[in-house]
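K.L.:
Following this line is model.txt, made up of compact mmCIF, C-alpha atoms:
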# COMPACT_ATOMS: atom_id res chain seq x y z
CA MET A 551 12.62 -24.91 7.55
CA ASN A 552 8.99 -25.59 6.79
CA PHE A 553 6.57 -22.75 6.00
CA GLN A 554 5.62 -22.00 9.61
CA GLU A 555 9.25 -22.09 10.74
CA ALA A 556 10.11 -19.67 7.95
CA LEU A 557 7.39 -17.26 9.07
CA ASP A 558 8.51 -17.56 12.70
CA PHE A 559 12.07 -16.74 11.67
CA ILE A 560 11.03 -13.74 9.58
CA HIS A 561 8.68 -12.27 12.18
CA GLY A 562 11.13 -13.07 14.98
CA THR A 563 13.58 -10.60 13.47
CA ASN A 564 11.30 -7.63 14.25
CA LYS A 565 13.24 -7.37 17.52
CA PHE A 566 16.00 -5.77 15.46
CA SER A 567 13.55 -2.88 14.84
CA ILE A 568 13.71 -0.47 11.90
CA LYS A 569 17.16 0.56 10.74
CA LEU A 570 17.08 2.69 7.62
CA GLY A 571 20.16 2.26 5.45
CA LEU A 572 21.46 0.15 2.58
CA ASP A 573 24.78 -1.28 3.79
CA ASN A 574 23.30 -4.29 5.57
CA VAL A 575 20.86 -5.31 2.87
CA ASN A 576 23.51 -4.79 0.18
CA ASN A 577 25.83 -7.10 2.12
CA LEU A 578 23.15 -9.78 2.33
CA LEU A 579 22.22 -9.47 -1.34
CA SER A 580 25.86 -9.64 -2.40
CA ARG A 581 26.20 -12.97 -0.63
CA MET A 582 23.07 -14.12 -2.48
CA GLY A 583 24.56 -13.21 -5.87
CA LYS A 584 22.71 -9.87 -6.22
CA PRO A 585 19.39 -11.26 -7.49
CA GLN A 586 18.01 -7.71 -7.79
CA ASP A 587 20.38 -7.00 -10.69
CA ALA A 588 18.64 -9.59 -12.87
CA LEU A 589 15.34 -7.69 -12.85
CA GLN A 590 13.74 -4.55 -14.27
CA TYR A 591 11.55 -2.28 -12.18
CA ILE A 592 8.93 0.35 -11.77
CA HIS A 593 9.80 1.75 -8.34
CA VAL A 594 6.97 3.35 -6.33
CA ALA A 595 7.34 5.68 -3.33
CA GLY A 596 4.95 8.07 -1.57
CA THR A 597 2.89 8.45 1.57
CA ASN A 598 -0.54 7.57 0.18
CA GLY A 599 -1.77 5.66 -2.84
CA LYS A 600 1.32 3.48 -3.39
CA GLY A 601 -0.59 0.22 -3.23
CA SER A 602 -3.47 1.30 -5.44
CA THR A 603 -1.15 2.88 -8.01
CA SER A 604 0.99 -0.26 -8.03
CA SER A 605 -2.10 -2.43 -8.50
CA TYR A 606 -3.23 -0.40 -11.52
CA MET A 607 0.20 -0.75 -13.16
CA ASN A 608 0.38 -4.45 -12.31
CA GLN A 609 -2.98 -5.11 -13.96
CA MET A 610 -2.21 -3.08 -17.08
CA LEU A 611 1.09 -4.90 -17.59
CA MET A 612 -0.59 -8.27 -17.02
CA ALA A 613 -3.34 -7.38 -19.51
CA ALA A 614 -0.55 -6.73 -22.03
CA GLY A 615 0.68 -10.30 -21.54
CA TYR A 616 3.71 -9.67 -19.32
CA LYS A 617 4.75 -11.77 -16.34
CA VAL A 618 4.69 -9.25 -13.50
CA GLY A 619 6.16 -9.36 -10.02
CA LEU A 620 4.43 -7.20 -7.40
CA TYR A 621 6.07 -6.36 -4.07
CA THR A 622 3.95 -4.53 -1.48
CA SER A 623 3.57 -4.05 2.25
CA PRO A 624 2.08 -4.60 4.71
CA PHE A 625 0.03 -7.72 4.13
CA LEU A 626 -3.63 -7.78 5.10
CA GLU A 627 -4.47 -11.42 5.79
CA VAL A 628 -1.56 -13.70 4.84
CA PHE A 629 2.13 -12.92 4.67
CA ASN A 630 2.49 -14.37 1.16
CA GLU A 631 0.49 -11.41 -0.24
CA ARG A 632 3.62 -9.30 -0.03
CA MET A 633 5.24 -10.89 -3.09
CA ARG A 634 3.12 -12.01 -6.03
CA VAL A 635 3.61 -13.07 -9.63
CA ASN A 636 0.65 -12.38 -11.91
CA ASN A 637 -1.51 -11.91 -8.82
CA GLU A 638 -0.59 -15.29 -7.31
CA ASN A 639 0.98 -15.21 -3.84
CA ILE A 640 4.36 -16.85 -3.38
CA PRO A 641 3.69 -20.55 -2.60
CA ASP A 642 4.30 -21.66 0.98
CA ALA A 643 6.90 -24.25 -0.01
CA LEU A 644 8.92 -21.81 -2.11
CA LEU A 645 8.84 -19.17 0.60
CA ALA A 646 10.18 -21.74 3.07
CA GLU A 647 12.88 -22.88 0.63
CA ILE A 648 14.17 -19.38 -0.13
CA THR A 649 14.00 -18.30 3.52
CA THR A 650 16.08 -21.34 4.52
CA GLU A 651 18.75 -20.38 2.00
CA VAL A 652 18.73 -16.71 2.99
CA LYS A 653 19.11 -17.63 6.67
CA VAL A 654 22.43 -19.34 5.89
CA PHE A 655 23.86 -16.04 4.63
CA ILE A 656 22.39 -14.15 7.58
CA ASP A 657 24.06 -16.59 10.00
CA GLN A 658 27.37 -15.95 8.24
CA MET A 659 26.92 -12.20 8.70
CA VAL A 660 26.24 -12.59 12.41
CA VAL A 661 29.27 -14.86 12.89
CA GLU A 662 31.40 -12.18 11.23
CA GLY A 663 30.14 -9.59 13.70
CA LEU A 664 27.89 -7.75 11.28
CA ASN A 665 24.42 -6.46 12.14
CA HIS A 666 21.59 -8.93 11.84
CA PRO A 667 19.34 -7.85 8.95
CA THR A 668 15.95 -6.42 9.93
CA GLU A 669 12.65 -8.06 9.05
CA PHE A 670 12.05 -5.77 6.07
CA GLU A 671 15.57 -6.31 4.75
CA ILE A 672 15.08 -10.07 4.90
CA VAL A 673 11.66 -9.96 3.24
CA THR A 674 12.97 -7.72 0.48
CA ALA A 675 15.89 -10.07 -0.17
CA ILE A 676 13.51 -13.05 -0.34
CA ALA A 677 11.31 -11.16 -2.82
CA PHE A 678 14.21 -10.33 -5.13
CA GLU A 679 15.27 -13.98 -5.18
CA TYR A 680 11.70 -15.14 -5.79
CA PHE A 681 11.17 -12.77 -8.72
CA LYS A 682 14.52 -13.80 -10.21
CA ARG A 683 13.63 -17.50 -10.01
CA GLU A 684 10.27 -16.81 -11.60
CA ALA A 685 12.01 -14.91 -14.43
CA VAL A 686 9.42 -12.14 -14.35
CA ASP A 687 9.46 -9.58 -17.15
CA ILE A 688 9.12 -6.63 -14.80
CA VAL A 689 8.66 -5.91 -11.09
CA VAL A 690 6.36 -3.26 -9.65
CA LEU A 691 8.34 -2.54 -6.50
CA GLU A 692 6.70 -0.63 -3.68
CA VAL A 693 8.88 1.15 -1.13
CA GLY A 694 8.37 0.08 2.46
CA MET A 695 9.06 3.41 4.17
CA GLY A 696 10.62 6.58 2.87
CA GLY A 697 12.71 5.77 -0.17
CA ARG A 698 16.30 7.00 0.00
CA LEU A 699 17.34 4.51 2.69
CA ASP A 700 14.61 1.94 2.14
CA SER A 701 15.77 -1.61 1.47
CA THR A 702 14.15 -1.61 -1.97
CA ASN A 703 16.44 1.24 -3.04
CA VAL A 704 19.35 -1.12 -3.69
CA ILE A 705 18.25 -1.37 -7.31
CA SER A 706 19.96 0.58 -10.07
CA THR A 707 18.05 3.16 -12.12
CA PRO A 708 14.55 1.73 -12.63
CA LEU A 709 12.64 1.98 -15.88
CA ILE A 710 10.27 4.42 -14.18
CA SER A 711 10.30 5.99 -10.71
CA VAL A 712 6.83 6.86 -9.42
CA ILE A 713 6.06 9.19 -6.53
CA THR A 714 2.51 9.27 -5.20
CA PRO A 715 1.17 11.99 -2.84
CA VAL A 716 3.61 12.96 -0.08
CA ASP A 717 2.41 13.81 3.42
CA LEU A 718 3.74 13.73 6.97
CA ASP A 719 4.08 10.14 8.20
CA HIS A 720 6.69 8.18 10.15
CA VAL A 721 8.11 11.54 11.22
CA GLU A 722 10.48 9.89 13.70
CA TYR A 723 12.29 8.29 10.76
CA LEU A 724 11.61 10.55 7.78
CA GLY A 725 11.54 14.03 9.30
CA ASP A 726 8.99 16.44 10.70
CA THR A 727 8.44 18.66 7.65
CA ILE A 728 6.98 18.02 4.20
CA GLU A 729 10.31 19.01 2.68
CA LYS A 730 12.21 16.41 4.71
CA VAL A 731 9.72 13.65 3.92
CA ALA A 732 9.72 14.58 0.22
CA ALA A 733 13.52 14.39 0.17
CA GLU A 734 13.37 10.82 1.48
CA LYS A 735 10.73 9.82 -1.07
CA ALA A 736 12.66 11.51 -3.89
CA GLY A 737 15.67 9.38 -2.93
CA ILE A 738 14.40 6.69 -5.32
CA ILE A 739 15.12 9.04 -8.25
CA LYS A 740 18.38 7.87 -9.80
CA PRO A 741 20.65 9.19 -12.57
CA ASN A 742 19.29 9.51 -16.11
CA GLY A 743 15.91 8.09 -15.24
CA ILE A 744 12.26 8.97 -15.70
CA ALA A 745 10.11 10.11 -12.77
CA VAL A 746 6.30 10.17 -12.94
CA VAL A 747 5.00 12.27 -10.08
CA HIS A 748 1.58 12.99 -8.66
CA LEU A 749 1.24 16.77 -8.28
CA GLN A 750 2.39 17.67 -4.78
CA VAL A 751 2.03 20.60 -2.46
CA PRO A 752 4.53 23.29 -3.55
CA GLU A 753 7.07 22.50 -0.82
CA ALA A 754 7.23 18.81 -1.80
CA MET A 755 7.14 19.49 -5.54
CA ALA A 756 10.14 21.80 -5.26
CA VAL A 757 12.15 19.03 -3.59
CA VAL A 758 11.20 16.48 -6.26
CA GLU A 759 12.02 18.90 -9.07
CA ALA A 760 15.44 19.59 -7.52
CA ALA A 761 16.14 15.84 -7.24
CA CYS A 762 15.26 15.35 -10.92
CA LEU A 763 17.47 18.25 -11.95
CA GLN A 764 20.40 16.94 -9.93
CA THR A 765 20.13 13.41 -11.34
CA GLU A 766 19.34 14.51 -14.91
CA THR A 767 16.06 12.66 -14.67
CA LYS A 768 13.09 13.48 -16.88
CA LEU A 769 10.20 14.67 -14.71
CA ILE A 770 6.68 13.83 -15.93
CA PRO A 771 3.93 15.34 -13.75
CA ALA A 772 0.78 13.22 -13.93
CA PRO A 773 -2.08 15.38 -15.29
CA THR A 774 -4.32 14.90 -12.26
CA THR A 775 -5.80 18.40 -12.58
CA GLU A 776 -7.24 17.47 -15.99
CA ILE A 777 -9.45 14.67 -14.65
CA GLN A 778 -13.18 15.05 -15.24
CA VAL A 779 -15.25 12.69 -13.11
CA LEU A 780 -18.31 11.61 -15.11
CA GLU A 781 -20.05 8.90 -13.06
CA VAL A 782 -19.62 7.83 -9.44
CA SER A 783 -21.34 4.92 -7.70
CA ASP A 784 -20.55 2.24 -5.15
CA HIS A 785 -19.62 0.01 -8.09
CA GLY A 786 -16.86 2.25 -9.46
CA THR A 787 -16.03 5.51 -11.20
CA THR A 788 -15.91 6.67 -14.82
CA PHE A 789 -13.68 9.63 -15.63
CA GLU A 790 -12.34 11.44 -18.66
CA LEU A 791 -8.71 12.35 -19.15
CA GLN A 792 -7.33 14.16 -22.18
CA GLY A 793 -10.34 13.24 -24.31
CA GLU A 794 -10.56 9.56 -23.36
CA ARG A 795 -12.91 7.79 -20.92
CA TYR A 796 -11.72 5.27 -18.36
CA THR A 797 -13.63 3.15 -15.83
CA ILE A 798 -12.16 1.91 -12.56
CA ALA A 799 -13.62 -0.39 -9.94
CA MET A 800 -11.87 1.15 -6.94
CA LEU A 801 -14.00 3.61 -5.00
CA GLY A 802 -13.26 7.22 -4.16
CA GLU A 803 -12.48 10.21 -6.32
CA HIS A 804 -8.85 10.02 -5.21
CA GLN A 805 -8.62 6.70 -7.07
CA THR A 806 -9.04 8.56 -10.35
CA ARG A 807 -5.83 10.40 -9.48
CA ASN A 808 -4.00 7.19 -8.53
CA ALA A 809 -5.18 5.67 -11.82
CA THR A 810 -3.93 8.73 -13.70
CA VAL A 811 -0.48 8.42 -12.12
CA ALA A 812 -0.37 4.73 -13.06
CA LEU A 813 -1.63 5.48 -16.58
CA THR A 814 1.02 8.18 -17.03
CA ALA A 815 3.75 5.78 -15.90
CA ILE A 816 2.62 3.06 -18.31
CA LYS A 817 2.51 5.55 -21.21
CA ALA A 818 6.06 6.66 -20.32
CA LEU A 819 7.09 2.99 -20.27
CA ASN A 820 5.59 2.58 -23.75
CA GLU A 821 7.52 5.53 -25.11
CA THR A 822 10.93 4.80 -23.61
CA THR A 823 11.35 1.02 -23.23
CA ARG A 824 10.75 -2.28 -24.99
CA PHE A 825 7.59 -2.76 -22.95
CA LYS A 826 4.44 -2.06 -24.94
CA VAL A 827 1.00 -1.85 -23.39
CA SER A 828 -1.84 -1.34 -25.85
CA ASN A 829 -4.73 1.03 -25.27
CA GLU A 830 -7.00 -1.99 -24.89
CA ALA A 831 -4.71 -3.45 -22.20
CA ILE A 832 -4.65 -0.09 -20.43
CA HIS A 833 -8.46 0.03 -20.25
CA THR A 834 -8.71 -3.62 -19.25
CA GLY A 835 -6.07 -3.31 -16.53
CA LEU A 836 -7.57 -0.17 -15.04
CA SER A 837 -11.03 -1.75 -14.89
CA ARG A 838 -9.74 -4.96 -13.28
CA ALA A 839 -7.58 -3.40 -10.59
CA ILE A 840 -8.67 -3.73 -7.01
CA TRP A 841 -6.73 -3.16 -3.82
CA PRO A 842 -8.09 -5.20 -0.90
CA GLY A 843 -8.80 -3.27 2.26
CA ARG A 844 -8.94 0.11 0.55
CA MET A 845 -12.53 1.30 0.21
CA GLU A 846 -13.54 -2.28 -0.48
CA ILE A 847 -17.18 -3.31 -0.33
CA MET A 848 -17.29 -6.69 1.41
CA ARG A 849 -21.07 -7.28 1.35
CA ARG A 850 -24.20 -5.40 0.34
CA GLU A 851 -26.97 -6.43 2.76
CA PRO A 852 -26.21 -4.49 4.83
CA LEU A 853 -23.56 -2.69 2.83
CA VAL A 854 -20.18 -3.15 4.53
CA LEU A 855 -17.19 -1.04 3.48
CA ILE A 856 -13.66 -1.47 4.82
CA ASP A 857 -10.86 1.05 4.38
CA GLY A 858 -7.31 1.22 5.68
CA ALA A 859 -7.55 4.99 6.17
CA HIS A 860 -4.62 4.94 8.57
CA ASN A 861 -3.60 8.61 8.44
CA LEU A 862 -5.17 12.04 7.96
CA HIS A 863 -4.80 12.02 4.18
CA GLY A 864 -6.53 8.64 4.00
CA ALA A 865 -9.31 9.75 6.35
CA LYS A 866 -9.97 12.78 4.15
CA GLY A 867 -10.32 10.56 1.10
CA LEU A 868 -12.67 8.21 2.94
CA SER A 869 -14.86 11.03 4.32
CA LYS A 870 -15.22 12.54 0.85
CA ALA A 871 -16.24 9.16 -0.57
CA VAL A 872 -18.77 8.53 2.21
CA LYS A 873 -20.33 11.96 1.62
CA THR A 874 -20.51 11.35 -2.13
CA LEU A 875 -21.68 7.74 -2.17
CA PHE A 876 -23.81 7.44 0.96
CA GLU A 877 -25.37 10.83 1.58
CA GLY A 878 -28.42 10.49 3.81
CA ARG A 879 -27.62 6.89 4.80
CA HIS A 880 -27.31 5.71 8.41
CA ILE A 881 -23.57 5.22 9.08
CA VAL A 882 -22.32 2.74 11.66
CA ALA A 883 -18.54 2.92 12.06
CA VAL A 884 -16.05 0.45 13.52
CA VAL A 885 -12.79 2.22 14.27
CA GLY A 886 -9.37 0.94 15.36
CA ILE A 887 -6.30 3.19 15.15
CA LEU A 888 -2.62 3.10 16.09
CA GLY A 889 -1.83 5.52 18.89
CA ASP A 890 1.08 7.20 17.10
CA LYS A 891 -1.14 8.46 14.26
CA ASP A 892 -3.00 11.78 14.02
CA VAL A 893 -5.98 10.29 15.80
CA SER A 894 -7.78 13.58 16.48
CA GLY A 895 -7.38 14.70 12.87
CA MET A 896 -8.67 11.39 11.50
CA LEU A 897 -11.64 11.37 13.84
CA SER A 898 -12.48 14.98 12.95
CA GLU A 899 -12.81 13.92 9.33
CA MET A 900 -14.96 10.84 9.85
CA ILE A 901 -16.92 10.89 13.11
CA PRO A 902 -19.22 13.83 12.22
CA LEU A 903 -20.53 11.64 9.36
CA CYS A 904 -21.34 8.73 11.67
CA HIS A 905 -24.48 8.00 13.70
CA THR A 906 -22.96 5.21 15.81
CA VAL A 907 -19.33 4.25 16.48
CA ILE A 908 -17.86 1.04 17.88
CA CYS A 909 -14.28 1.47 19.13
CA THR A 910 -12.03 -1.55 18.68
CA GLU A 911 -8.28 -2.32 18.63
CA PRO A 912 -5.70 -3.40 16.02
CA ASP A 913 -3.54 -6.34 16.99
CA ASN A 914 -0.40 -4.24 17.31
CA PRO A 915 1.66 -2.98 20.26
CA ARG A 916 1.22 0.60 19.00
CA LYS A 917 -2.56 0.40 19.21
CA MET A 918 -4.73 3.00 20.90
CA THR A 919 -6.90 1.06 23.33
CA ALA A 920 -10.61 0.98 22.63
CA ASP A 921 -11.30 2.71 25.95
CA LYS A 922 -8.96 5.61 25.16
CA LEU A 923 -10.38 5.87 21.66
CA LYS A 924 -13.90 6.02 23.08
CA VAL A 925 -12.98 9.11 25.11
CA GLN A 926 -12.00 10.95 21.94
CA VAL A 927 -14.93 9.69 19.88
CA SER A 928 -17.50 10.50 22.57
CA ALA A 929 -16.39 14.14 22.49
CA PHE A 930 -18.16 14.41 19.13
CA GLY A 931 -21.48 13.64 20.79
CA VAL A 932 -22.04 10.42 18.85
CA GLU A 933 -23.38 7.16 20.28
CA THR A 934 -20.26 5.16 21.15
CA TYR A 935 -19.57 1.56 22.15
CA VAL A 936 -16.42 -0.37 23.07
CA ALA A 937 -15.56 -3.82 21.67
CA PRO A 938 -11.79 -4.46 21.76
CA VAL A 939 -12.09 -7.76 19.87
CA ILE A 940 -12.67 -7.05 16.18
CA ALA A 941 -15.07 -9.97 15.66
CA GLU A 942 -17.23 -8.70 18.51
CA ALA A 943 -17.08 -5.14 17.16
CA TYR A 944 -18.36 -6.36 13.79
CA GLU A 945 -21.18 -8.33 15.42
CA LYS A 946 -22.14 -5.21 17.37
CA ALA A 947 -22.20 -3.16 14.17
CA LEU A 948 -24.47 -5.71 12.50
CA SER A 949 -26.84 -5.62 15.47
CA LEU A 950 -27.05 -1.82 15.27
CA ALA A 951 -27.51 -1.66 11.49
CA LYS A 952 -30.83 -0.50 10.05
CA SER A 953 -32.32 -1.16 6.64
CA ASP A 954 -30.53 1.85 5.14
CA SER A 955 -27.30 1.45 7.10
CA VAL A 956 -23.78 1.44 5.78
CA ILE A 957 -21.21 -0.17 8.06
CA VAL A 958 -17.81 1.46 7.62
CA LEU A 959 -14.75 -0.14 9.20
CA PHE A 960 -11.70 2.12 9.04
CA GLY A 961 -8.34 2.84 10.62
CA SER A 962 -5.18 0.81 10.93
CA LEU A 963 -4.41 -1.72 8.19
CA TYR A 964 -3.69 -4.18 10.99
CA MET A 965 -7.31 -3.83 12.08
CA ILE A 966 -8.63 -3.90 8.50
CA GLY A 967 -6.76 -7.11 7.66
CA ALA A 968 -8.27 -8.88 10.67
CA ALA A 969 -11.70 -7.40 9.95
CA ARG A 970 -11.56 -8.60 6.35
CA THR A 971 -11.01 -12.16 7.52
CA VAL A 972 -13.83 -11.87 10.06
CA ILE A 973 -16.29 -10.55 7.46
CA LYS A 974 -15.36 -13.18 4.84
CA ASN A 975 -15.87 -15.98 7.36
CA HIS A 976 -19.04 -14.55 8.90
CA LYS A 977 -22.15 -16.72 8.54
For the file at hand, write its structure as structure tokens.
P.N.:
Amino acid sequence: MNFQEALDFIHGTNKFSIKLGLDNVNNLLSRMGKPQDALQYIHVAGTNGKGSTSSYMNQMLMAAGYKVGLYTSPFLEVFNERMRVNNENIPDALLAEITTEVKVFIDQMVVEGLNHPTEFEIVTAIAFEYFKREAVDIVVLEVGMGGRLDSTNVISTPLISVITPVDLDHVEYLGDTIEKVAAEKAGIIKPNGIAVVHLQVPEAMAVVEAACLQTETKLIPAPTTEIQVLEVSDHGTTFELQGERYTIAMLGEHQTRNATVALTAIKALNETTRFKVSNEAIHTGLSRAIWPGRMEIMRREPLVLIDGAHNLHGAKGLSKAVKTLFEGRHIVAVVGILGDKDVSGMLSEMIPLCHTVICTEPDNPRKMTADKLKVQVSAFGVETYVAPVIAEAYEKALSLAKSDSVIVLFGSLYMIGAARTVIKNHK
């Protein structure tokens, strides 16, 4: 297969839908020689902040001189983003080569009457093989969904398990209570390990603590309550933690907490493994970390901010940042949301801050149509327009912007990825 044929094969398997469980992916990986067993990991689960936290750890480890694999999802603009080594996407030719080899094993499974692996199982298997071939020192491995039955959970006890904030999401798969969702996330905690955990609501924290007790895992709560924010601007944030100052480029007060979780994990890695990350590398990595599509400023005249605030927790973080950074500014919003999200809750957080809203649509079958979204947005009494095509929605926002305007594009990551491309290519 060439690169495009490989992508067509991978994406064509989405017809097999989501099937949580490890039997199928373990079968595939066994046929591939278990490439995952040749690697060492920091495993990251949670509802919000996984990507940012992973990016902080990736940059700190790179600043210390290690060769780092980073596995994340979904991608924003190009598929290859999902698996990177030292911030470089997997090359097209290598992705095609590995996919061709993996397909041979998948065909064998189908001939034997076994279930065809799902898209995420295939992508995860490709990533393991890629990182093995690249002989990376360590992999920062982000869970796709949940944790306990997620395809990434085929690994043995990782060096560090990390759990970011837990909230209700994917309830049809993970459960309809915080306790049920937390149990799925805590499924990445394995025997005799170390778990670094963002402080959770009491119901979730109790579940995580029980999982650590059962697996004889050392629980290290990240000291997020000790953060003192010193300076905030649209260029970054400086905060103090346990007597030391840190500066990060990612926007939003919540990013200080994600950075603290990542910092706590790296310090635990220093104390318990052969990996050593100096204080200088910690500061350098934290300051370099960015996470595209998450409160990312794309241009400054007018100021354009994009954010994949795709659930209520994310919308709360975005609204707080907008209030802090852009108080008194004229806000023009471009919004596109999936219909199975808490649309009313997300809009309640953001729309009261906006002067004008353009409703658009993510390129996804689960999208809420721009017309339906307009009905909900208009109920807030704000000036509302409809532009289903994202490029047209952005043009409309530019035409409505004033000298003091901030254009905020938020909602589904599918919309944000397309918007990012549109903005980068805009003349």
K.L.:
In Å to one decimal, how far is atom CA of Tyr621 of chain A from atom CA of Thr674 of chain A?
P.N.:
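The value is 8.4 Å.
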K.L.:
So, counting all atoms listed in the file, which residue among A:Leu903, A:Ala859, A:Val972, A:Leu572 is closest to Tyr944 of chain A?
P.N.:
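When distances to Tyr944 of chain A are compared using all atoms listed in the file, the smallest one comes from A:Val972.
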K.L.:
Using all atoms listed in the file, can you tell me which of A:Asn975, A:Gln792, A:Ser711, A:Asn630 comes closest to Ile816 of chain A?
P.N.:
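Of the candidates, the smallest distance to Ile816 of chain A is held by A:Ser711.
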K.L.:
For segment 853-927 of chain A against segment 594-611 of chain A, with a cut-off of 10 Å and counting only C-alpha atoms, what is the closest atom pair and its distance in Å to one decimal for every residue that makes the cut, ordered by chain and number, as JSON lines?
P.N.:
{"residue": "A:Ala859", "atom": "CA", "partner": "A:Asn598", "partner_atom": "CA", "distance": 9.6}
{"residue": "A:His860", "atom": "CA", "partner": "A:Asn598", "partner_atom": "CA", "distance": 9.7}
{"residue": "A:Asn861", "atom": "CA", "partner": "A:Asn598", "partner_atom": "CA", "distance": 8.9}
{"residue": "A:His863", "atom": "CA", "partner": "A:Asn598", "partner_atom": "CA", "distance": 7.3}
{"residue": "A:Gly864", "atom": "CA", "partner": "A:Asn598", "partner_atom": "CA", "distance": 7.2}
K.L.:
Name the closest residue to Ile744 of chain A among the candidates A:Tyr935, A:Tyr964, A:Tyr591, A:Trp841; distances are taken between atoms, counting only C-alpha atoms.
P.N.:
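For Ile744 of chain A, the nearest of the given residues is A:Tyr591.
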K.L.:
For segment 746-857 of chain A against segment 726-740 of chain A, with a cut-off of 10 Å and counting only C-alpha atoms, what is the closest atom pair and its distance in Å to one decimal for every residue that makes the cut, ordered by chain and number, as JSON lines?
P.N.:
{"residue": "A:Val747", "atom": "CA", "partner": "A:Ala736", "partner_atom": "CA", "distance": 9.9}
{"residue": "A:Gln750", "atom": "CA", "partner": "A:Ala732", "partner_atom": "CA", "distance": 9.4}
{"residue": "A:Val751", "atom": "CA", "partner": "A:Ile728", "partner_atom": "CA", "distance": 8.7}
{"residue": "A:Pro752", "atom": "CA", "partner": "A:Glu729", "partner_atom": "CA", "distance": 9.5}
{"residue": "A:Glu753", "atom": "CA", "partner": "A:Glu729", "partner_atom": "CA", "distance": 5.9}
{"residue": "A:Ala754", "atom": "CA", "partner": "A:Ala732", "partner_atom": "CA", "distance": 5.3}
{"residue": "A:Met755", "atom": "CA", "partner": "A:Ala732", "partner_atom": "CA", "distance": 8.0}
{"residue": "A:Ala756", "atom": "CA", "partner": "A:Glu729", "partner_atom": "CA", "distance": 8.4}
{"residue": "A:Val757", "atom": "CA", "partner": "A:Ala733", "partner_atom": "CA", "distance": 6.1}
{"residue": "A:Val758", "atom": "CA", "partner": "A:Ala736", "partner_atom": "CA", "distance": 5.7}
{"residue": "A:Glu759", "atom": "CA", "partner": "A:Ala736", "partner_atom": "CA", "distance": 9.0}
{"residue": "A:Ala760", "atom": "CA", "partner": "A:Ala736", "partner_atom": "CA", "distance": 9.3}
{"residue": "A:Ala761", "atom": "CA", "partner": "A:Ala736", "partner_atom": "CA", "distance": 6.5}
{"residue": "A:Cys762", "atom": "CA", "partner": "A:Ile739", "partner_atom": "CA", "distance": 6.9}
{"residue": "A:Gln764", "atom": "CA", "partner": "A:Lys740", "partner_atom": "CA", "distance": 9.3}
{"residue": "A:Thr765", "atom": "CA", "partner": "A:Lys740", "partner_atom": "CA", "distance": 6.0}
{"residue": "A:Glu766", "atom": "CA", "partner": "A:Lys740", "partner_atom": "CA", "distance": 8.4}
{"residue": "A:Thr767", "atom": "CA", "partner": "A:Lys740", "partner_atom": "CA", "distance": 7.2}
{"residue": "A:Lys768", "atom": "CA", "partner": "A:Ile739", "partner_atom": "CA", "distance": 9.9}
{"residue": "A:Leu769", "atom": "CA", "partner": "A:Ile739", "partner_atom": "CA", "distance": 9.9}
K.L.:
Have a look at A:Val927, A:Cys904, A:Ala556, A:Val660 and name the one nearest to Phe629 of chain A; count only C-alpha atoms.
P.N.:
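Closest residue, counting only C-alpha atoms: A:Ala556.
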K.L.:
Distance atom CA of Thr874 of chain A-atom CA of Ser898 of chain A, one decimal place?
P.N.:
17.5 Å
K.L.:
As number ranges by chain, please: the residues near Ile940 of chain A (cut-off 12 Å, all atoms listed in the file, same-chain neighbours under 3 positions excluded).
P.N.:
A: 884-886, 908-913, 920, 936-937, 943-947, 959-960, 964-973
K.L.:
Counting all atoms listed in the file, which residues come within 9 Å of (16.8, -0.6, -9.5), with the point read in the file's coordinates, and could you list them as a count of residues only?
P.N.:
17
